[in-house]
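Inspection log for the structure reproduced underneath, given as structure tokens.
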Amino acid sequence: MKNNINSSLLTKNKVIRIAEEDHLQQQNYLEAVKSFARLTYESIYVIDYEKMAFEYVSENPLFLCGHSSKEVLDMGYEFYFKNVPENDLKLLNLINEAGFDFFKKLPGSEKKLYSITYDFHLRNQDGKHILINHKLTPLFLTSDEKMWKAMCIISISHHKNAGNIYIHKQGTDETWELNTENNVWRKSEKPKLTKREIEILWLHAQGLTINQIAEKIFVSSDTVKYYRRRIFERLGVSNIVEALSYAVNNKII
């Protein structure tokens, strides 16, 4: 079973040939990626689908599982097979199949507008499983509109279980969720919050307590609690930490 998973992960979007004009896209782009990695707590890496390898891995520790960034870079895809539990490897295989099937059907001019996000576990150096959120978006396409290189961002997931597979289109509220039972994408829209609800999330993000928020926006503490409950219901979360993580990850705030 593991060999089948490995094979699918490695071959679903295998790029065979890069045209000369495709290489002109790059223009030292890794310097910009490295600069971004220095500014964020999240882990950053770049996949090259021609070489089926990592082109860049940041030193941010979350994705490294106790290895150095060079060690992960050298391992490439083998890193997944060593550090992702087998059940989650099967999930990654499903996501890989469904994600690239979705991507193939998009108009070439729009493909770079889409990103995919999902959760899976990594095993750290102590053998403990950490649920992480993985976002992937195209960096470069080939002249025949296949994904050549992609940038990936890793952060701690606010969910409790692996999965939670969504595709987002930049500049819109359009979202597709993957049903893992039948492998079908279901279109929906991002939850919408009112201006007051977004304001309360911003104030929580600044570290203010319920009472401090109430004082700042001239309402009672019970009113702030009411807005918080509405936020939790709209976002499908159970506490303010999850709400903030969801809102940031989905570009609501």
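Residues are referred to by chain and number: the chain letter is A, B, ... according to the order shown in the structure tokens, the number counts from 1 in that chain, and ligands are numbered separately from 1 in the order shown.
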Please report, as CSV, each residue of stretch 35-68 of chain A lying at most 6 Å from stretch 135-155 of chain A, together with the nearest pair of atoms and the separation in Å rounded to one decimal; use only C-alpha atoms, and order rows by chain and ascending residue number.
```
residue,atom,partner,partner_atom,distance
A:Glu42,CA,A:Ser155,CA,5.3
A:Ser43,CA,A:Ile154,CA,4.9
A:Ile44,CA,A:Ile153,CA,4.8
A:Tyr45,CA,A:Cys152,CA,5.3
A:Val46,CA,A:Met151,CA,4.6
A:Ile47,CA,A:Ala150,CA,5.3
A:Asp48,CA,A:Lys149,CA,4.7
A:Tyr49,CA,A:Trp148,CA,5.3
```
Selected residues written out with C-alpha atoms, as an mmCIF file, in the first residue's frame:
```
data_model
loop_
_atom_site.group_PDB
_atom_site.id
_atom_site.type_symbol
_atom_site.label_atom_id
_atom_site.label_comp_id
_atom_site.auth_asym_id
_atom_site.auth_seq_id
_atom_site.Cartn_x
_atom_site.Cartn_y
_atom_site.Cartn_z
ATOM 1 C CA GLU A 42 5.392 29.856 9.473
ATOM 2 C CA SER A 43 7.491 27.253 7.681
ATOM 3 C CA ILE A 44 8.009 27.830 3.957
ATOM 4 C CA TYR A 45 9.150 25.449 1.269
ATOM 5 C CA VAL A 46 9.094 25.223 -2.529
ATOM 6 C CA ILE A 47 8.299 22.082 -4.564
ATOM 7 C CA ASP A 48 9.785 21.544 -8.031
ATOM 8 C CA TYR A 49 7.518 19.157 -9.947
#
```
As a list in words, please: every residue in stretch 186-216 of chain A that DSSP puts in strand (DSSP E or B).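 Here are the strand (DSSP E or B) residues of stretch 186-216 of chain A: Arg186, Lys187, Ser188 and Glu189 of chain A.
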Write out, as a tab-separated table (two decimals), in the first residue's frame, the residues just selected, with N, CA and C atoms.
```
chain	number	residue	atom	x	y	z
A	186	ARG	N	-17.28	20.25	-3.31
A	186	ARG	CA	-18.55	20.95	-3.13
A	186	ARG	C	-18.27	22.44	-2.97
A	187	LYS	N	-18.91	23.25	-3.82
A	187	LYS	CA	-18.66	24.69	-3.81
A	187	LYS	C	-19.47	25.36	-2.70
A	188	SER	N	-18.85	26.32	-2.06
A	188	SER	CA	-19.53	27.10	-1.02
A	188	SER	C	-18.90	28.49	-0.99
A	189	GLU	N	-19.29	29.30	-0.03
A	189	GLU	CA	-18.70	30.62	0.14
A	189	GLU	C	-18.12	30.75	1.54
```
Restricting the calculation to only C-alpha atoms: of A:Asn182, A:Lys70, A:Asn161, A:Ser58, which residue gets closest to A:Leu94?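 Counting only C-alpha atoms, the residue closest to A:Leu94 is A:Asn182.
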Between stretch 159-215 of chain A and stretch 106-113 of chain A, at 9 Å or less, what are the per-residue closest atom pairs and their distances in Å? Count only C-alpha atoms, order by chain and rising residue number, and return it as a tab-separated table.
```
residue	atom	partner	partner_atom	distance
A:His168	CA	A:Leu113	CA	8.2
A:Lys169	CA	A:Leu113	CA	5.5
A:Gln170	CA	A:Leu113	CA	5.0
A:Gly171	CA	A:Leu113	CA	8.0
```
Straight-line distance linking atom CA of A:Arg229 with atom CA of A:Thr175, stated in Å to one decimal: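 Interatomic distance here is 23.6 Å.
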